[in-house]
Structures are given as C-alpha cells and as structure tokens.
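A.B. asks: Structure in structure tokens, see below.
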Amino acid sequence: MSITAAAVKKAAAVLLPKKKVRKAIGFAAAFLITLALLPVMLLLAMGHQLTKAEDEYGNIDFSQFMQSLSPEQKERFSQMEDDGKAIEKEMEKLGIKDMIVKAQIIYLTYFDDVHKDEDFFAEYCSLFKENDNEKLIENLGSKYNLSIDYSEFMRSYSVIVNVSINPYLFVNFDLKNNIDLSVWAENAYETQWGCVPHTDGSLLTDEKYKALKEKYPQDITADCDKWLSRRTVDNYNLLRSYLWYDHESGTISEDNYPISDMTVQELFDSADVKGNIETLPQTKGIAVLKENTIGIFVGNGNAIYAKSAEDGIVKENISAGGWTSWFEIPWIQYGDEKSFGNEIKFEEYDEKKKNNLGLVQWAIQAHENGWGYVYGTYGNVLTEPLLQDRAAVFGSEVTSYTDFIRSNWLGKRTADCVGLIKGYGWYDSKSGEIKVGSNGMMDVGANAMFANAAVKGTIDTIPEVPGLAVWSDGHIGIYIGNGEVIEAMNTLRGVTRTKLAGREWTHWLQIPYISYVEEKE
C-alpha cells in the first residue's frame, strides 16, 4: 500500500477545516492505514481533487513514510497504535464491533489533550452503545469537556465510511457467506453508494468516469454525475462486488474471485434452492428477483438493491417492490452467524495457566462456532495454502477429502482430534495466536498423549471432572461433564458434541500438559 504526501494534507484541509482537527487527522492517517480501516481515504477520499496531487508528488511507500518520522513522531505513532488496539479490545468486550472505526476516528481526532486514567478506555467505549450520532457526540463532549462540532464530524465521517470498507462488520472474510453478503449490502446502503452502470463497487474517480462515458455513452447519463468520488455499483455488481472484494489488498477485482459469466436469469436457473416470493425464508443473504433486477434480502422483510442512477442503493420492503422469486446464490455458503464466525472467545479460568476448566470452555466455543476437521490442524483458520501444506504432509488423510474440505471447511477454523486439545494449550489470549509448542503443551498424537498421562483409568471408572480427556486407540476427545464429550470426530462431521455412553471410548486421562482444578472461584 502507498500513500501520497500531498493527499494527506489536502484531504485533511478539505475534509476538516479546523486547524486542530487537521493536525490530529494528519497524525491519525498513518495509524488508520496500518489498521486497514481507511485503505483509500488519503488517496481518493476527495476523488478527482486528489488526482493532480498524485501526479505532481507521486507515491511514497508506507515504510518510507514511517522512516521519515522523527523519534518523537514514531513514539507518538506507537502510542496511537496501542490506543487504537485498546479501543478495539474494549469495543469487542461490549459486543459493538461495528462501532470500532467510529470510536477510533473520534479518539484520534479529538482526544489529544484529554487525561486518560486506567479506566479511560472502558468508560470511553461504553458511550458508543448510543446509536444516535448526534447524542453520541453530545455525550462525549459533555463527559470529556470537549467542543466537537456535530456537522463537522459528520461531514468528514460520511466521506470516510463511503470510501472505506469497515472490516469489523463482517464475520468471515475468508469464506463467502450469506451473513456477510447481507452486511455488505447494508453497508452499501448505509454509506450511500451510488448506482452507475458498469461499475463494481470501487471508487468512481475522474479517470474511470471519463472512460465509462467514452465506452458506454448511452448508459452513462447526467444522473450519474452526482456519484463521482463515491463507491458505485450497477445492479448485478452489488452482489458480485462482495465476491470480488479482497480484504487483504482492499481491492475489488474479478481476478480476486473468478465466477462464471452468466445473466441474472441464468444465475437463478442454476440455483438448487429457490422458490416464489410467497415462500421466501427469513434467511439473510438470499437473492430476490424481479425480471432482470436482483436484490439482497437483509431481514425484517426488506431487500437492498442498486435501483438507478437517480436513486442509488435503496432499501425497500419486499411487499412493495414487485419481487417474484427468491434463490440461494450458488457462489455463497449459507448458514447462521455462528457457523461462519472465526473469533476465538471463551471464559478462561486462568490466562496464565492452562487448565481443565479453560479447556472445557475452549471446546464448547469450538463446537458452537462450527469448527471443522482437517487432519494435522489445531485451530487456525483453514486457508488454501494451509490445506495444500497439510495435504503434502499427511497425504491421503487429507487428499481423500479435499473436495469436501474446500466446500465445507475452507475459511473456517479446523482441528483434528488431538489438535483440538493442543490448540487450547498453544493459544495465546493476548495476541490471539496459536503458537505450536508453547505453554508446555507437547506436540504429540492422541496415543502419545495417553501414554504420557500419569493419571488415567478405564472408561468405567471415569470421575465427574470436566476437562478430562477420553481416549480410544488413535482418537481422543474432551469430557465436558454431565455425560457429554466434545470431539473433533472426523472430516465429514467436524467438531461435534456427543454422549459419553454408547461411543467406543476405552480410557480416560488427565491431560499431562495442563493443570486440574476442581471449581471456579
């Protein structure tokens, strides 16, 4: 990613006329880029107004930008980065991830001179439970004795949210799914994307707009002019822009997710699950159809679609729109939010010491979040490179199921039976990473784990201790209490919750690499 030095100054000057705000946003800009919150704001927030600046000054690498900072500026930048992460952590605790970007932007812009004690971020973030922006700004100003001009803030914020894609809105960037498609459509509507023929969700710059008018003079009308310097799509591409979006590069391109070139009607015909509009299920991310117009059902009886150059992206009730049919999009996986969530979040008994009660909570969240099974994995998100690596190492244990794995587990967290246990032992709650061999957890198979256990017995003698392991030759699971077990069963079943009775377990054991406590205080 590169940034333009002149763009930083010009965006700040045009968006934020007050000197103090310009100074804050200038510092904030680099930080926001590192968080991938505003990957195109500095270059394109003002669209054609920044084009000349780019040509005149050229681009500089972000790494070069960082090297150009003074030691004091680098220290300030580092502190801002830490503060941004603190805000992210507190907002996640509060369950309002969709407000993280807003909280970070306001903090970085206005809170330079505010005293911050140890409870500051918790108190600050709690104010963002207020969804009304005007009340939010009023509450912040009152609590911290700040003068924040509401209209000024909204002016800059509206530009930011239109040109950027908020990563905290989505449940799983690695798996194209109906929940995130619905969120994508909602975001396009809320941030007022425009509707311009032959556009794909990228920013409509002067250069792009000129090329469109030359190539499609009949389609690009005067109504399209108002969408210049904003994100725009045509009707079909509201769906396809989601498929084409790559969160790592921040680009929307057909190369990111090649799909067959078919019309809306051909797409409907190819769908396996579909029906007339009277039978529409309440499943977010289902497509709705009327003639050649496609919309995205987002719940509560509403669909969002790119209507026209005059209207842009609209939300309307199904009953008022003349929709005739619905279908599940063949390129999308369907399920509920939990089945696509990759976030690891569970209640640990002691973050500093791995133990049986923490293991139980780890196993429960893995089951509830729909983790899959791939031999040789231990809780990381399954990417194509990781799948290829496991296939190379473990051969037919993986290659015999590659088609099924790609269809069901790619983009989700996966583990094999002993990997479910090892993943807990290797998980670092501070960094969110799973570090092989850490925390005293040996990298061994199910049989070696059983052999190394000092405390174990036959299954008929199992005590009522949640977090024991249950074992049979070549396989291991986690006893969670009350006669139930969570296990990474096999490739076709993934992480499952089963009854202890009726399975083929022969022994129980205390896992030798964790401690055992009786109850939580």
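Identifiers in this document derive from the order of the structure tokens: chains are assigned A, B, ..., residues are numbered from 1 separately in each chain, and ligands are numbered from 1 in order of occurrence.
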DSSP says strand (DSSP E) for which residues of segment 114-252 of chain A? Put them as a compact mmCIF listing (two decimals) with all heavy atoms, in the first residue's frame?
C.D. replies:
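The resulting selection_5.txt:
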```txt
# COMPACT_ATOMS: atom_id res chain seq x y z
N GLY A 194 -23.38 4.86 -4.78
CA GLY A 194 -24.17 5.25 -5.93
C GLY A 194 -24.44 4.09 -6.87
O GLY A 194 -23.88 2.99 -6.70
N CYS A 195 -25.30 4.33 -7.83
CA CYS A 195 -25.60 3.32 -8.86
C CYS A 195 -25.20 3.89 -10.21
O CYS A 195 -25.81 4.84 -10.70
CB CYS A 195 -27.10 2.98 -8.84
SG CYS A 195 -27.58 1.78 -10.10
N ASP A 200 -18.19 -1.48 -10.25
CA ASP A 200 -18.07 -2.72 -9.48
C ASP A 200 -17.92 -2.52 -7.97
O ASP A 200 -17.56 -3.45 -7.25
CB ASP A 200 -16.89 -3.54 -9.99
CG ASP A 200 -15.54 -2.82 -9.81
OD1 ASP A 200 -15.52 -1.69 -9.26
OD2 ASP A 200 -14.51 -3.38 -10.22
N GLY A 201 -18.17 -1.33 -7.48
CA GLY A 201 -18.02 -1.09 -6.05
C GLY A 201 -16.77 -0.32 -5.68
O GLY A 201 -16.60 0.09 -4.53
N SER A 202 -15.89 -0.11 -6.64
CA SER A 202 -14.70 0.70 -6.41
C SER A 202 -15.07 2.17 -6.46
O SER A 202 -16.18 2.54 -6.86
CB SER A 202 -13.63 0.40 -7.46
OG SER A 202 -13.26 -0.97 -7.43
N LEU A 203 -14.13 3.02 -6.06
CA LEU A 203 -14.38 4.45 -6.08
C LEU A 203 -14.45 4.96 -7.51
O LEU A 203 -13.63 4.59 -8.35
CB LEU A 203 -13.28 5.18 -5.32
CG LEU A 203 -13.64 6.52 -4.71
CD1 LEU A 203 -14.62 6.35 -3.56
CD2 LEU A 203 -12.39 7.24 -4.23
N ARG A 231 -18.17 5.38 -3.92
CA ARG A 231 -18.25 4.00 -4.37
C ARG A 231 -19.55 3.81 -5.15
O ARG A 231 -20.60 4.27 -4.71
CB ARG A 231 -18.19 3.03 -3.20
CG ARG A 231 -16.81 2.91 -2.56
CD ARG A 231 -16.75 1.79 -1.55
NE ARG A 231 -15.44 1.71 -0.93
CZ ARG A 231 -14.43 0.98 -1.41
NH1 ARG A 231 -14.62 0.26 -2.51
NH2 ARG A 231 -13.27 0.97 -0.81
N THR A 232 -19.45 3.10 -6.25
CA THR A 232 -20.63 2.87 -7.09
C THR A 232 -20.66 1.44 -7.62
O THR A 232 -19.62 0.81 -7.80
CB THR A 232 -20.67 3.84 -8.29
OG1 THR A 232 -19.52 3.60 -9.13
CG2 THR A 232 -20.67 5.29 -7.84
N VAL A 233 -21.87 0.94 -7.86
CA VAL A 233 -22.07 -0.37 -8.48
C VAL A 233 -23.24 -0.27 -9.43
O VAL A 233 -24.05 0.66 -9.35
CB VAL A 233 -22.39 -1.47 -7.44
CG1 VAL A 233 -21.18 -1.83 -6.63
CG2 VAL A 233 -23.54 -1.06 -6.55
N TYR A 245 -14.38 -8.73 -3.66
CA TYR A 245 -13.62 -7.94 -2.70
C TYR A 245 -12.59 -8.80 -1.98
O TYR A 245 -12.89 -9.87 -1.46
CB TYR A 245 -14.55 -7.31 -1.67
CG TYR A 245 -13.83 -6.51 -0.60
CD1 TYR A 245 -13.18 -5.33 -0.93
CD2 TYR A 245 -13.80 -6.95 0.72
CE1 TYR A 245 -12.51 -4.60 0.05
CE2 TYR A 245 -13.14 -6.21 1.70
CZ TYR A 245 -12.50 -5.04 1.36
OH TYR A 245 -11.84 -4.32 2.33
N ASP A 246 -11.35 -8.32 -1.94
CA ASP A 246 -10.27 -8.98 -1.20
C ASP A 246 -9.87 -8.07 -0.05
O ASP A 246 -9.37 -6.95 -0.27
CB ASP A 246 -9.07 -9.23 -2.11
CG ASP A 246 -7.90 -9.83 -1.35
OD1 ASP A 246 -8.00 -11.01 -0.93
OD2 ASP A 246 -6.89 -9.13 -1.16
N THR A 251 -8.92 -4.43 -2.56
CA THR A 251 -9.33 -4.22 -3.94
C THR A 251 -10.58 -5.00 -4.29
O THR A 251 -10.90 -6.02 -3.66
CB THR A 251 -8.21 -4.65 -4.91
OG1 THR A 251 -7.94 -6.06 -4.71
CG2 THR A 251 -6.95 -3.86 -4.66
N ILE A 252 -11.30 -4.51 -5.28
CA ILE A 252 -12.44 -5.22 -5.84
C ILE A 252 -12.09 -5.53 -7.29
O ILE A 252 -11.93 -4.62 -8.11
CB ILE A 252 -13.72 -4.37 -5.77
CG1 ILE A 252 -14.10 -4.09 -4.31
CG2 ILE A 252 -14.88 -5.08 -6.48
CD1 ILE A 252 -15.28 -3.15 -4.15
```
A.B. asks: Quick one: of A:Thr199, A:Gln510, A:Thr402, A:Gln265, who's nearest to Ile476 of chain A, counting only C-alpha atoms?
C.D. replies: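 Smallest distance to Ile476 of chain A is found for A:Gln510.
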A.B. asks: Please provide as number ranges by chain all residues within 12 Å of Ala363 of chain A, with the sequence filter that same-chain residues fewer than 6 positions apart are discarded (counting only C-alpha atoms).
C.D. replies: A: 344-348, 356-357, 369-371, 378-379, 415, 417-425, 466-469, 477-481, 484-488, 495-497
A.B. asks: Fewer than 3 positions away in the same chain doesn't count, so skip those; otherwise give me all residues within 8 Å of segment 93-96 of chain A, counting only C-alpha atoms, as a PDB file with N, CA and C atoms, in the first residue's frame.
C.D. replies:
```
ATOM      1  N   LYS A  89     -10.199  -3.648  21.614  1.00  0.00           N
ATOM      2  CA  LYS A  89     -10.410  -4.697  22.612  1.00  0.00           C
ATOM      3  C   LYS A  89     -11.626  -4.401  23.470  1.00  0.00           C
ATOM      4  N   GLU A  90     -11.776  -3.151  23.924  1.00  0.00           N
ATOM      5  CA  GLU A  90     -12.907  -2.792  24.775  1.00  0.00           C
ATOM      6  C   GLU A  90     -14.229  -2.876  24.014  1.00  0.00           C
ATOM      7  N   MET A  99     -18.879  -0.401  15.820  1.00  0.00           N
ATOM      8  CA  MET A  99     -18.610   0.982  16.199  1.00  0.00           C
ATOM      9  C   MET A  99     -17.119   1.251  16.408  1.00  0.00           C
ATOM     10  N   ILE A 100     -16.274   0.241  16.177  1.00  0.00           N
ATOM     11  CA  ILE A 100     -14.846   0.395  16.458  1.00  0.00           C
ATOM     12  C   ILE A 100     -14.232   1.520  15.636  1.00  0.00           C
ATOM     13  N   SER A 126     -17.788   2.636  26.396  1.00  0.00           N
ATOM     14  CA  SER A 126     -19.163   2.368  26.828  1.00  0.00           C
ATOM     15  C   SER A 126     -20.147   3.405  26.277  1.00  0.00           C
ATOM     16  N   PHE A 128     -20.314   4.430  23.350  1.00  0.00           N
ATOM     17  CA  PHE A 128     -20.664   4.112  21.973  1.00  0.00           C
ATOM     18  C   PHE A 128     -21.795   3.088  21.862  1.00  0.00           C
ATOM     19  N   LYS A 129     -22.395   2.749  22.982  1.00  0.00           N
ATOM     20  CA  LYS A 129     -23.631   1.970  22.938  1.00  0.00           C
ATOM     21  C   LYS A 129     -24.769   2.827  22.387  1.00  0.00           C
TER      22      LYS A 129
END
```
A.B. asks: Quick one: everything within 9 Å of Thr293 of chain A, counting only C-alpha atoms, minus sequence neighbours fewer than 2 positions away in the same chain. Send it as a ChimeraX atom specification.
C.D. replies: /A:235-236,264,288-291,295,305-307,323
A.B. asks: Env of Ile332 of chain A: 8 Å cut, atoms = only C-alpha atoms, seq-sep filter 3 positions within chain, self excluded. Answer as a count of residues only.
C.D. replies: 5
A.B. asks: For Met449 of chain A, which of A:Asp428, A:Asp473, A:Asp206, A:Glu337 is the closest residue, counting only C-alpha atoms?
C.D. replies: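 Counting only C-alpha atoms, the residue closest to Met449 of chain A is A:Asp473.
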A.B. asks: Looking only at alpha helix (DSSP H) from DSSP on the backbone, list the matching residues of segment 256-329 of chain A as a VMD selection string.
C.D. replies: chain A and resid 264 to 270
A.B. asks: Find the residues around Glu186 of chain A up to 9 Å (only C-alpha atoms counted), leave out those fewer than 5 positions away in its own chain, and share them as a PyMOL selection string.
C.D. replies: chain A and resi 181+191+298+304+315
A.B. asks: Would you save the residues from that selection as an mmCIF file, in the first residue's frame, using N, CA and C atoms?
C.D. replies:
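Writing done, so here's out-v6.cif:
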```cif
data_model
loop_
_atom_site.group_PDB
_atom_site.id
_atom_site.type_symbol
_atom_site.label_atom_id
_atom_site.label_comp_id
_atom_site.auth_asym_id
_atom_site.auth_seq_id
_atom_site.Cartn_x
_atom_site.Cartn_y
_atom_site.Cartn_z
ATOM 1 N N LEU A 181 -22.688 -11.213 3.049
ATOM 2 C CA LEU A 181 -23.307 -10.610 1.873
ATOM 3 C C LEU A 181 -24.400 -9.629 2.295
ATOM 4 N N THR A 191 -23.953 3.705 3.760
ATOM 5 C CA THR A 191 -22.909 4.670 3.414
ATOM 6 C C THR A 191 -23.150 5.322 2.055
ATOM 7 N N VAL A 298 -32.219 -8.723 3.412
ATOM 8 C CA VAL A 298 -31.411 -8.412 4.596
ATOM 9 C C VAL A 298 -32.190 -8.595 5.898
ATOM 10 N N ILE A 304 -32.274 -4.953 -0.326
ATOM 11 C CA ILE A 304 -31.434 -3.831 -0.753
ATOM 12 C C ILE A 304 -30.946 -4.115 -2.164
ATOM 13 N N LYS A 315 -33.261 0.608 -0.018
ATOM 14 C CA LYS A 315 -33.818 -0.479 0.782
ATOM 15 C C LYS A 315 -35.335 -0.355 0.713
#
```
A.B. asks: I'd like the interatomic distance between atom CA of Leu108 of chain A and atom CA of Gln192 of chain A, to a tenth of an Å.
C.D. replies: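 Those two atoms sit 24.6 Å apart.
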